[in-house]
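The data block below is my_file-v2.cif; it holds mmCIF, C-alpha atoms and all ligand atoms.
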```cif
data_my_file
#
loop_
_atom_site.label_atom_id
_atom_site.label_comp_id
_atom_site.auth_asym_id
_atom_site.auth_seq_id
_atom_site.Cartn_x
_atom_site.Cartn_y
_atom_site.Cartn_z
CA MET A 1 -1.98 -26.35 -16.36
CA LYS A 2 -2.39 -25.12 -12.79
CA VAL A 3 -3.18 -21.46 -12.17
CA PRO A 4 -3.10 -20.38 -8.51
CA MET A 5 -5.06 -17.36 -7.25
CA LEU A 6 -1.81 -15.83 -6.05
CA ASP A 7 1.78 -17.04 -6.00
CA LEU A 8 4.21 -15.17 -3.77
CA SER A 9 7.17 -17.51 -4.32
CA GLU A 10 8.56 -15.95 -7.51
CA GLN A 11 8.55 -12.50 -5.90
CA TYR A 12 10.38 -13.87 -2.87
CA GLN A 13 13.05 -15.57 -4.99
CA GLY A 14 13.78 -12.23 -6.66
CA LEU A 15 14.15 -10.41 -3.33
CA ARG A 16 15.56 -13.26 -1.26
CA SER A 17 19.15 -12.12 -0.63
CA GLU A 18 18.05 -8.57 0.16
CA VAL A 19 15.30 -9.74 2.53
CA LEU A 20 17.59 -12.14 4.40
CA GLU A 21 20.16 -9.39 4.79
CA VAL A 22 17.75 -6.88 6.34
CA LEU A 23 16.24 -9.52 8.63
CA ASP A 24 19.74 -10.30 9.86
CA GLN A 25 20.38 -6.58 10.44
CA VAL A 26 17.24 -6.26 12.58
CA MET A 27 18.06 -9.34 14.64
CA SER A 28 21.66 -8.23 15.09
CA SER A 29 20.49 -4.78 16.23
CA SER A 30 18.13 -6.30 18.85
CA GLN A 31 15.72 -3.41 18.11
CA PHE A 32 12.43 -5.20 17.38
CA ILE A 33 9.59 -2.78 18.11
CA LEU A 34 9.05 0.74 16.68
CA GLY A 35 12.61 1.35 15.53
CA SER A 36 14.23 2.87 12.45
CA ASN A 37 12.64 0.49 9.93
CA VAL A 38 9.12 1.35 11.07
CA LYS A 39 9.99 5.06 11.02
CA LYS A 40 11.34 4.83 7.46
CA LEU A 41 8.30 2.93 6.19
CA GLU A 42 5.93 5.39 7.89
CA GLN A 43 7.68 8.31 6.19
CA ASP A 44 7.82 6.63 2.78
CA VAL A 45 4.20 5.47 2.79
CA ALA A 46 2.96 8.88 4.02
CA LYS A 47 4.90 10.65 1.27
CA PHE A 48 3.63 8.16 -1.31
CA SER A 49 0.07 8.88 -0.12
CA ASN A 50 0.77 12.62 -0.32
CA VAL A 51 -0.05 13.18 3.36
CA ALA A 52 1.97 14.31 6.37
CA HIS A 53 1.82 11.27 8.66
CA GLY A 54 2.00 7.48 8.66
CA ILE A 55 1.43 5.46 11.83
CA GLY A 56 2.35 1.78 11.64
CA CYS A 57 0.22 -0.68 13.58
CA GLY A 58 -0.44 -4.39 14.04
CA ASN A 59 -2.74 -5.02 11.07
CA GLY A 60 -5.27 -3.39 8.74
CA SER A 61 -8.22 -4.16 11.00
CA ASP A 62 -6.65 -2.39 13.98
CA ALA A 63 -5.73 0.50 11.68
CA ILE A 64 -9.46 1.15 11.08
CA HIS A 65 -10.28 0.80 14.78
CA ILE A 66 -7.44 3.12 15.85
CA ALA A 67 -8.38 5.75 13.24
CA LEU A 68 -12.01 5.75 14.40
CA GLN A 69 -10.96 6.05 18.03
CA ALA A 70 -8.53 8.88 17.23
CA LEU A 71 -11.42 10.70 15.51
CA GLU A 72 -13.41 10.22 18.74
CA ILE A 73 -16.02 8.03 17.14
CA GLY A 74 -17.56 5.67 19.66
CA PRO A 75 -20.74 4.70 21.54
CA GLY A 76 -23.89 6.40 20.25
CA ASP A 77 -22.30 7.31 16.92
CA GLU A 78 -23.28 5.96 13.53
CA VAL A 79 -20.77 5.21 10.80
CA ILE A 80 -22.11 4.79 7.26
CA THR A 81 -20.32 2.05 5.35
CA THR A 82 -20.64 -0.70 2.74
CA ALA A 83 -21.70 -4.29 3.43
CA PHE A 84 -19.81 -5.58 0.38
CA THR A 85 -16.41 -5.86 2.03
CA PHE A 86 -14.23 -7.99 4.26
CA PHE A 87 -15.55 -8.48 7.80
CA ALA A 88 -12.91 -6.19 9.37
CA THR A 89 -14.58 -3.04 8.03
CA GLY A 90 -17.76 -3.60 10.06
CA GLY A 91 -15.93 -5.34 12.89
CA ALA A 92 -13.70 -2.32 13.52
CA ILE A 93 -16.72 0.02 13.76
CA VAL A 94 -18.38 -2.21 16.36
CA ARG A 95 -15.11 -2.67 18.26
CA ALA A 96 -14.84 1.14 18.45
CA GLY A 97 -18.27 1.07 20.13
CA ALA A 98 -20.10 2.73 17.24
CA THR A 99 -22.95 1.43 15.06
CA PRO A 100 -22.38 0.50 11.40
CA VAL A 101 -25.06 1.71 9.01
CA TYR A 102 -24.84 -0.37 5.84
CA VAL A 103 -25.88 1.20 2.54
CA ASP A 104 -25.93 -0.16 -0.99
CA ILE A 105 -23.22 -0.02 -3.62
CA ASP A 106 -22.73 1.21 -7.17
CA PRO A 107 -23.34 -1.85 -9.39
CA VAL A 108 -20.47 -0.96 -11.74
CA THR A 109 -17.60 -0.37 -9.28
CA PHE A 110 -18.92 -2.42 -6.30
CA ASN A 111 -18.06 0.62 -4.12
CA ILE A 112 -20.33 2.53 -1.74
CA ASP A 113 -22.93 4.67 -3.53
CA PRO A 114 -22.67 8.33 -2.40
CA ALA A 115 -26.39 8.94 -3.07
CA LYS A 116 -27.28 6.13 -0.62
CA VAL A 117 -24.85 7.60 1.92
CA GLU A 118 -26.62 10.95 1.83
CA GLU A 119 -30.03 9.30 2.35
CA ALA A 120 -28.76 7.45 5.44
CA ILE A 121 -27.44 10.48 7.34
CA THR A 122 -29.09 11.09 10.73
CA GLU A 123 -28.21 13.37 13.64
CA LYS A 124 -26.14 10.48 15.04
CA THR A 125 -23.94 10.09 11.94
CA LYS A 126 -20.32 10.91 12.70
CA ALA A 127 -18.37 9.35 9.84
CA ILE A 128 -18.41 7.71 6.42
CA LEU A 129 -16.24 4.62 5.96
CA PRO A 130 -15.81 3.84 2.24
CA VAL A 131 -13.84 0.77 1.16
CA HIS A 132 -11.76 1.06 -2.01
CA LEU A 133 -12.73 -2.43 -3.08
CA TYR A 134 -10.52 -4.54 -5.34
CA GLY A 135 -8.07 -1.63 -5.70
CA GLN A 136 -10.35 1.09 -7.11
CA MET A 137 -11.17 4.19 -5.08
CA ALA A 138 -14.78 4.86 -4.15
CA ASP A 139 -16.19 8.17 -5.39
CA MET A 140 -14.16 10.25 -2.90
CA GLU A 141 -14.96 13.57 -4.55
CA LYS A 142 -18.70 13.14 -3.92
CA LEU A 143 -18.14 11.62 -0.48
CA ALA A 144 -15.87 14.51 0.55
CA GLU A 145 -18.55 16.96 -0.57
CA ILE A 146 -21.20 15.16 1.52
CA ALA A 147 -18.86 14.93 4.50
CA LYS A 148 -18.13 18.64 4.35
CA LYS A 149 -21.79 19.58 4.07
CA HIS A 150 -22.76 17.43 7.09
CA ASN A 151 -19.56 17.86 9.09
CA LEU A 152 -18.60 14.17 9.01
CA ALA A 153 -15.23 12.45 9.17
CA ILE A 154 -14.15 10.03 6.42
CA VAL A 155 -12.03 6.98 7.19
CA GLU A 156 -10.96 5.27 3.96
CA ASP A 157 -10.47 1.51 4.21
CA ALA A 158 -7.67 1.27 1.66
CA ALA A 159 -6.51 -2.23 2.65
CA GLN A 160 -6.83 -3.27 -1.01
CA ALA A 161 -5.87 0.01 -2.64
CA ILE A 162 -2.37 1.21 -1.77
CA GLY A 163 -1.23 3.27 -4.78
CA ALA A 164 -4.74 3.95 -6.12
CA LYS A 165 -5.60 7.46 -7.27
CA GLN A 166 -8.58 9.58 -8.28
CA ASN A 167 -8.02 12.57 -10.56
CA GLY A 168 -4.43 12.73 -9.37
CA LYS A 169 -5.32 12.54 -5.67
CA SER A 170 -4.04 9.64 -3.61
CA VAL A 171 -5.76 7.43 -1.09
CA GLY A 172 -5.72 9.41 2.18
CA GLU A 173 -5.65 12.86 0.61
CA MET A 174 -9.39 13.50 0.52
CA GLY A 175 -10.44 11.77 3.75
CA SER A 176 -9.69 12.42 7.44
CA ALA A 177 -7.56 9.27 7.52
CA ALA A 178 -6.95 6.18 5.40
CA THR A 179 -5.90 2.71 6.50
CA TYR A 180 -3.66 0.14 4.82
CA SER A 181 -3.15 -3.56 5.46
CA PHE A 182 0.16 -5.32 4.88
CA PHE A 183 -1.37 -8.80 5.15
CA PRO A 184 0.81 -11.08 2.95
CA THR A 185 -1.71 -11.25 0.08
CA LYS A 186 -2.22 -7.49 -0.21
CA ASN A 187 -0.51 -5.45 -2.97
CA LEU A 188 2.23 -4.49 -0.49
CA GLY A 189 2.40 -7.59 1.70
CA ALA A 190 4.59 -8.35 4.70
CA TYR A 191 5.67 -11.83 5.84
CA GLY A 192 3.11 -11.70 8.61
CA ASP A 193 0.60 -9.11 9.81
CA GLY A 194 0.99 -5.35 9.57
CA GLY A 195 -1.00 -2.17 8.96
CA MET A 196 -0.78 1.60 8.78
CA ILE A 197 -2.91 4.71 9.20
CA VAL A 198 -2.09 7.71 7.00
CA THR A 199 -3.47 11.18 7.64
CA ASN A 200 -2.84 14.85 7.03
CA ASP A 201 -4.27 15.78 10.43
CA ASP A 202 -1.52 16.36 13.05
CA GLN A 203 -3.86 15.76 15.98
CA VAL A 204 -5.30 12.53 14.59
CA ALA A 205 -1.76 11.28 13.86
CA GLU A 206 -0.64 12.06 17.41
CA LYS A 207 -3.66 10.26 18.89
CA CYS A 208 -3.12 7.20 16.67
CA SER A 209 0.51 6.93 17.76
CA VAL A 210 -0.55 7.04 21.43
CA ILE A 211 -3.45 4.58 21.04
CA ARG A 212 -1.20 1.91 19.48
CA VAL A 213 0.97 1.87 22.64
CA HIS A 214 -1.75 1.42 25.27
CA GLY A 215 -2.61 5.14 25.25
CA SER A 216 0.70 5.70 27.01
CA LYS A 217 2.15 9.22 26.97
CA PRO A 218 4.52 9.88 28.62
CA LYS A 219 5.50 6.25 29.10
CA TYR A 220 3.51 4.60 31.93
CA TYR A 221 0.99 7.49 32.12
CA HIS A 222 -2.36 6.76 30.45
CA HIS A 223 -4.88 9.47 29.58
CA VAL A 224 -6.73 7.45 26.95
CA LEU A 225 -7.51 3.76 26.64
CA GLY A 226 -5.29 2.27 23.98
CA TYR A 227 -4.02 -1.20 23.31
CA ASN A 228 -1.03 -3.02 21.92
CA SER A 229 -1.03 -2.75 18.14
CA ARG A 230 2.40 -2.11 16.69
CA LEU A 231 4.16 -2.84 13.44
CA ASP A 232 7.33 -4.74 14.24
CA GLU A 233 10.78 -4.08 12.84
CA LEU A 234 11.12 -7.40 11.03
CA GLN A 235 7.93 -6.79 9.04
CA ALA A 236 8.84 -3.14 8.41
CA ALA A 237 12.30 -4.20 7.16
CA VAL A 238 10.68 -6.62 4.67
CA LEU A 239 8.23 -3.93 3.58
CA ASN A 240 11.09 -1.46 3.07
CA VAL A 241 12.66 -3.92 0.63
CA LYS A 242 9.36 -4.38 -1.23
CA PHE A 243 8.10 -0.79 -1.20
CA PRO A 244 10.38 0.52 -4.02
CA HIS A 245 8.79 -2.10 -6.33
CA LEU A 246 5.17 -1.21 -5.56
CA VAL A 247 4.59 1.18 -8.48
CA GLU A 248 6.03 -1.33 -10.96
CA TRP A 249 3.89 -4.14 -9.45
CA SER A 250 0.75 -1.98 -9.77
CA GLU A 251 1.59 -1.33 -13.41
CA LEU A 252 2.01 -5.08 -14.01
CA ARG A 253 -1.35 -5.75 -12.35
CA ARG A 254 -2.94 -3.17 -14.63
CA GLN A 255 -1.39 -4.85 -17.69
CA LYS A 256 -2.73 -8.27 -16.59
CA ALA A 257 -6.15 -6.70 -16.05
CA GLU A 258 -6.15 -5.15 -19.50
CA ASN A 259 -5.15 -8.47 -21.02
CA TYR A 260 -7.94 -10.36 -19.19
CA THR A 261 -10.50 -7.79 -20.33
CA HIS A 262 -9.31 -8.00 -23.92
CA LEU A 263 -9.34 -11.83 -23.95
CA LEU A 264 -12.70 -12.12 -22.14
CA ASN A 265 -14.45 -9.60 -24.37
CA GLU A 266 -13.06 -11.28 -27.47
CA ARG A 267 -14.02 -14.82 -26.44
CA LEU A 268 -17.15 -14.30 -24.38
CA GLY A 269 -18.71 -10.96 -25.33
CA ASP A 270 -21.74 -10.28 -23.12
CA SER A 271 -21.56 -13.54 -21.13
CA VAL A 272 -19.08 -11.96 -18.73
CA VAL A 273 -19.12 -8.48 -17.20
CA THR A 274 -15.51 -7.28 -16.95
CA PRO A 275 -14.29 -4.69 -14.39
CA VAL A 276 -14.73 -1.01 -15.19
CA GLU A 277 -12.15 1.61 -14.30
CA LYS A 278 -14.13 4.80 -13.76
CA GLU A 279 -12.86 7.89 -15.56
CA GLY A 280 -10.18 9.65 -13.54
CA ASN A 281 -9.40 6.57 -11.45
CA TYR A 282 -6.09 4.72 -11.27
CA HIS A 283 -7.16 1.18 -10.33
CA VAL A 284 -4.42 -0.99 -8.76
CA PHE A 285 -6.27 -4.30 -9.33
CA HIS A 286 -5.76 -5.99 -6.00
CA GLN A 287 -8.41 -8.26 -7.50
CA TYR A 288 -9.66 -8.76 -11.04
CA THR A 289 -13.34 -9.45 -10.45
CA ILE A 290 -15.88 -10.40 -13.09
CA ARG A 291 -19.65 -10.82 -12.86
CA VAL A 292 -21.21 -13.95 -14.30
CA GLU A 293 -24.34 -16.06 -14.25
CA LYS A 294 -24.04 -19.61 -12.87
CA ARG A 295 -21.07 -18.32 -10.86
CA ASP A 296 -20.82 -21.25 -8.42
CA GLU A 297 -20.96 -23.84 -11.23
CA LEU A 298 -18.28 -21.91 -13.15
CA GLN A 299 -16.07 -21.81 -10.06
CA GLN A 300 -16.41 -25.57 -9.57
CA TYR A 301 -15.63 -26.22 -13.26
CA LEU A 302 -12.53 -24.00 -13.14
CA LYS A 303 -11.36 -25.76 -10.00
CA GLU A 304 -11.57 -29.11 -11.79
CA GLN A 305 -9.49 -27.61 -14.62
CA GLY A 306 -6.75 -26.44 -12.22
CA VAL A 307 -7.80 -22.79 -12.07
CA ALA A 308 -8.20 -21.26 -8.59
CA THR A 309 -10.71 -18.43 -8.13
CA MET A 310 -12.17 -16.69 -5.07
CA ILE A 311 -15.51 -15.18 -4.12
CA TYR A 312 -15.05 -11.80 -2.46
CA TYR A 313 -17.49 -11.79 -0.67
CA PRO A 314 -20.17 -14.52 -0.51
CA LEU A 315 -22.13 -13.14 2.47
CA PRO A 316 -22.46 -9.34 2.83
CA LEU A 317 -21.97 -7.85 6.29
CA HIS A 318 -25.59 -6.75 6.85
CA VAL A 319 -26.69 -10.40 6.81
CA GLN A 320 -23.75 -11.85 8.76
CA PRO A 321 -24.99 -13.76 11.82
CA VAL A 322 -22.85 -11.67 14.20
CA PHE A 323 -24.57 -8.44 13.04
CA GLN A 324 -28.16 -9.72 13.30
CA ASN A 325 -28.81 -7.46 16.30
CA LEU A 326 -28.54 -4.49 13.89
CA GLY A 327 -31.88 -5.54 12.39
CA TYR A 328 -31.06 -5.94 8.70
CA LYS A 329 -32.62 -8.65 6.57
CA GLU A 330 -32.10 -10.21 3.16
CA GLY A 331 -33.50 -7.82 0.56
CA ASP A 332 -32.39 -4.62 2.33
CA LEU A 333 -29.38 -4.09 0.04
CA PRO A 334 -30.39 -5.63 -3.31
CA ILE A 335 -27.40 -4.44 -5.36
CA THR A 336 -24.97 -5.76 -2.75
CA GLU A 337 -26.81 -9.07 -2.52
CA LYS A 338 -26.80 -9.49 -6.31
CA ALA A 339 -23.05 -8.76 -6.43
CA ALA A 340 -22.44 -11.40 -3.75
CA LYS A 341 -24.10 -13.97 -6.04
CA GLU A 342 -22.32 -12.96 -9.28
CA ALA A 343 -18.80 -11.76 -8.40
CA LEU A 344 -15.84 -14.02 -9.11
CA SER A 345 -12.20 -12.98 -8.69
CA LEU A 346 -9.70 -14.51 -11.11
CA PRO A 347 -6.01 -15.25 -10.46
CA MET A 348 -4.13 -11.94 -10.19
CA PHE A 349 -0.56 -11.13 -9.21
CA PRO A 350 2.29 -9.25 -10.91
CA GLU A 351 4.08 -12.44 -11.97
CA LEU A 352 1.01 -14.05 -13.62
CA LYS A 353 1.96 -15.38 -17.06
CA THR A 354 0.17 -14.57 -20.33
CA GLU A 355 -0.24 -18.32 -21.03
CA GLN A 356 -1.91 -18.72 -17.63
CA GLN A 357 -4.33 -15.90 -18.43
CA GLU A 358 -5.10 -17.44 -21.82
CA TYR A 359 -5.78 -20.79 -20.15
CA VAL A 360 -8.12 -19.22 -17.57
CA VAL A 361 -10.11 -17.43 -20.29
CA ALA A 362 -10.19 -20.53 -22.52
CA LYS A 363 -11.67 -22.57 -19.65
CA ILE A 364 -14.29 -19.90 -18.90
CA ALA A 365 -15.23 -19.85 -22.59
CA GLU A 366 -15.43 -23.66 -22.59
CA PHE A 367 -17.81 -23.59 -19.62
CA TYR A 368 -20.21 -21.24 -21.39
CA GLY A 369 -19.89 -23.19 -24.67
CA LYS A 370 -18.24 -20.28 -26.50
C1 LIG B 401 -7.53 -7.23 4.36
C2 LIG B 401 -8.60 -6.26 4.64
C3 LIG B 401 -8.76 -5.69 5.93
C4 LIG B 401 -8.03 -6.17 7.14
O1 LIG B 401 -6.68 -6.16 7.10
P1 LIG B 401 -5.84 -7.12 8.09
O2 LIG B 401 -4.46 -6.63 7.94
O3 LIG B 401 -6.03 -8.52 7.59
O4 LIG B 401 -6.37 -6.94 9.45
C5 LIG B 401 -9.72 -4.71 6.09
N1 LIG B 401 -10.51 -4.32 5.07
C6 LIG B 401 -10.41 -4.85 3.84
C7 LIG B 401 -11.30 -4.36 2.76
C8 LIG B 401 -9.46 -5.85 3.59
O5 LIG B 401 -9.37 -6.37 2.37
#
```

Would you write the structure of this file as structure tokens?
Ligand SMILES: *Cc1c(COP(=O)(O)O)cnc(C)c1O
Amino acid sequence: MKVPMLDLSEQYQGLRSEVLEVLDQVMSSSQFILGSNVKKLEQDVAKFSNVAHGIGCGNGSDAIHIALQALEIGPGDEVITTAFTFFATGGAIVRAGATPVYVDIDPVTFNIDPAKVEEAITEKTKAILPVHLYGQMADMEKLAEIAKKHNLAIVEDAAQAIGAKQNGKSVGEMGSAATYSFFPTKNLGAYGDGGMIVTNDDQVAEKCSVIRVHGSKPKYYHHVLGYNSRLDELQAAVLNVKFPHLVEWSELRRQKAENYTHLLNERLGDSVVTPVEKEGNYHVFHQYTIRVEKRDELQQYLKEQGVATMIYYPLPLHVQPVFQNLGYKEGDLPITEKAAKEALSLPMFPELKTEQQEYVVAKIAEFYGK
């Protein structure tokens, strides 16, 4: 049996005629940039996130950069964030001209540890940038409390967590702004790049919408330095077809996750640490990530057995070569570094079959001689 990490083909077959129809409509209309499809998606995603505004942009990385810039975070400012994330989180902070301050994570959720955030605050700190890793929200209630006390902004990197909730509150509701990615592999994926900023703050929303068009307002008059980062109509049209299915896809992901946890605990007991959904959280399982010993050997064995897995992420940001000028060294973030050696993400997508999950777990059990 072959089990891919992700298979988008079945989803496409189900939506094919609808997708082709809307693509044809866009091309026939000759309206390709910032038209009615983008507007509709912005409104739907904002409403879904329980906030007032959505601002479509080129990708999830730009969404973080634009949000930081709209919050006037730049040179001389420090942004406290996690090193256990995709490169874009730290990259966007540096591109905005600010300095990332990496702090350690909670070993259970892999998300930024609010206690470590509080210890890292200096007079230069302007914002906290939590990442809702693998689809589970970071402890936003604590982070919002800290932000309020120290007068800091919060930009939530929700690239992996569209639809996630914490005690009934959505991504975007407790921070100054949240950012989504519509990269094809994300829970709501386009057929190319795309991203969005959501916020309840009218002024931040207005600034984001100006920054994504070269800082132009009115057209051809530039008061701020922006750049070209727009969501295009073709991608928005595809996303408008997919969006009504998102809640159902999240539910399916949660069912697959529950099934993996059940099977793994039954077959392997303590040999595998399964993901924990913290009380009050609604986890959307962008990834189903376990912790294991002999991780690299297990990955190689599974590969030979036809099972694809991924390591998110093998090298934390504080020790990435490009960030060496920040002065971090191996050993500075021990919980993050341990996670980078033990985390393994298993195949996860709404169409994953029960037999495929059983095969994956059987092969893991075989590897550990269980
Ligand atoms: C995917 C991702 C991004 C970047 O999104 P792009 O659309 O690929 O630019 C940022 N942060 C995290 C945590 C991601 O997973």

Q: Quick one: everything within 10 Å of segment 147-151 of chain A, counting all atoms listed in the file, minus sequence neighbours fewer than 5 positions away in the same chain. Send it as a list in words.
A: Val117, Glu118, Ile121, Thr122, Glu123, Thr125, Lys126, Ala127, Ile128, Met140, Glu141, Lys142, Gly175 and Ser176 of chain A

Would you write out, as CSV, a table of all residues in segment 229-330 of chain A that have an atom no more than 12 Å from an atom of segment 158-169 of chain A, listing for each the closest atom pair and the distance in Å to one decimal, considering all atoms listed in the file and ordering rows by chain and rising residue number?
```
residue,atom,partner,partner_atom,distance
A:Phe243,CA,A:Ile162,CA,10.7
A:Pro244,CA,A:Gly163,CA,12.0
A:His245,CA,A:Gly163,CA,11.5
A:Leu246,CA,A:Gly163,CA,7.9
A:Val247,CA,A:Gly163,CA,7.2
A:Glu248,CA,A:Gly163,CA,10.6
A:Trp249,CA,A:Gly163,CA,10.1
A:Ser250,CA,A:Gly163,CA,7.5
A:Glu251,CA,A:Gly163,CA,10.2
A:Arg253,CA,A:Gly163,CA,11.8
A:Arg254,CA,A:Ala164,CA,11.2
A:Glu277,CA,A:Gln166,CA,10.6
A:Lys278,CA,A:Gln166,CA,9.1
A:Glu279,CA,A:Asn167,CA,8.4
A:Gly280,CA,A:Asn167,CA,4.7
A:Asn281,CA,A:Gln166,CA,4.4
A:Tyr282,CA,A:Lys165,CA,4.9
A:His283,CA,A:Ala164,CA,5.6
A:Val284,CA,A:Ala164,CA,5.6
A:Phe285,CA,A:Ala161,CA,8.0
A:His286,CA,A:Gln160,CA,5.8
A:Gln287,CA,A:Gln160,CA,8.3
A:Tyr288,CA,A:Gln160,CA,11.8
A:Tyr312,CA,A:Gln160,CA,11.9
```

List the neighbours of segment 65-70 of chain A out to 6 Å using only C-alpha atoms; skip same-chain residues closer than 3 positions along the sequence, and give me the result as a compact mmCIF listing (two decimals) with C-alpha atoms, in the frame of the given file.
```
# COMPACT_ATOMS: atom_id res chain seq x y z
CA ASP A 62 -6.65 -2.39 13.98
CA ILE A 73 -16.02 8.03 17.14
CA ALA A 92 -13.70 -2.32 13.52
CA ALA A 96 -14.84 1.14 18.45
CA VAL A 204 -5.30 12.53 14.59
CA LYS A 207 -3.66 10.26 18.89
CA CYS A 208 -3.12 7.20 16.67
```

Q. Which residues, written as a count of residues only, have at least one atom at most 9 Å from Val3 of chain A, with only C-alpha atoms counted and residues fewer than 5 positions away on the same chain left out?
A. 9

Q) Which polymer residues, protein or nucleic acid, are no farther than 7 Å from (-21.5, 0.4, 4.9), counting all atoms listed in the file, as an MDAnalysis selection string? A) chainID A and resid 80:83 100:103 129

With a cut-off of 9 Å, could you pull out the residues of chain A touching ligand LIG 401 (chain B) and give me the nearest pair of atoms for each, distance in Å to one decimal, using all atoms listed in the file, ordered by chain and ascending number, as CSV?
```
residue,atom,partner,partner_atom,distance
A:Gly58,CA,B:LIG401,O2,7.6
A:Asn59,CA,B:LIG401,O2,3.9
A:Gly60,CA,B:LIG401,O2,3.4
A:Ser61,CA,B:LIG401,O4,3.7
A:Asp62,CA,B:LIG401,O4,6.4
A:Ala63,CA,B:LIG401,O4,7.8
A:Ile64,CA,B:LIG401,C5,7.7
A:Phe84,CA,B:LIG401,C7,8.9
A:Thr85,CA,B:LIG401,C7,5.4
A:Phe86,CA,B:LIG401,C7,4.9
A:Phe87,CA,B:LIG401,N1,7.1
A:Ala88,CA,B:LIG401,C5,4.8
A:Thr89,CA,B:LIG401,N1,5.2
A:Gly90,CA,B:LIG401,N1,8.8
A:Ala92,CA,B:LIG401,C5,8.8
A:Val131,CA,B:LIG401,C7,5.9
A:His132,CA,B:LIG401,C7,7.2
A:Leu133,CA,B:LIG401,C7,6.3
A:Tyr134,CA,B:LIG401,O5,8.0
A:Asp157,CA,B:LIG401,N1,5.9
A:Ala158,CA,B:LIG401,C7,6.8
A:Ala159,CA,B:LIG401,C8,4.8
A:Gln160,CA,B:LIG401,O5,5.2
A:Ala161,CA,B:LIG401,C7,8.8
A:Thr179,CA,B:LIG401,C5,8.4
A:Tyr180,CA,B:LIG401,O1,7.3
A:Ser181,CA,B:LIG401,O2,4.2
A:Phe182,CA,B:LIG401,O2,5.7
A:Phe183,CA,B:LIG401,O2,4.7
A:Pro184,CA,B:LIG401,O2,8.5
A:Thr185,CA,B:LIG401,C1,8.3
A:Lys186,CA,B:LIG401,C1,7.0
A:Asp193,CA,B:LIG401,O2,5.9
A:Gly194,CA,B:LIG401,O2,5.8
A:Gly195,CA,B:LIG401,O2,5.7
```

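Among A:Pro107, A:Pro314, A:Pro275, A:Gly54, the residue with the shortest atom-to-atom distance to Leu231 of chain A, counting all atoms listed in the file, is A:Gly54.
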
Q: Would you please work out which residue, of A:Met137, A:Val224, A:Lys219, A:Leu71, is nearest to Ala177 of chain A when using all atoms listed in the file?
A: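 Answer, going by the shortest atom-to-atom distance: A:Leu71.
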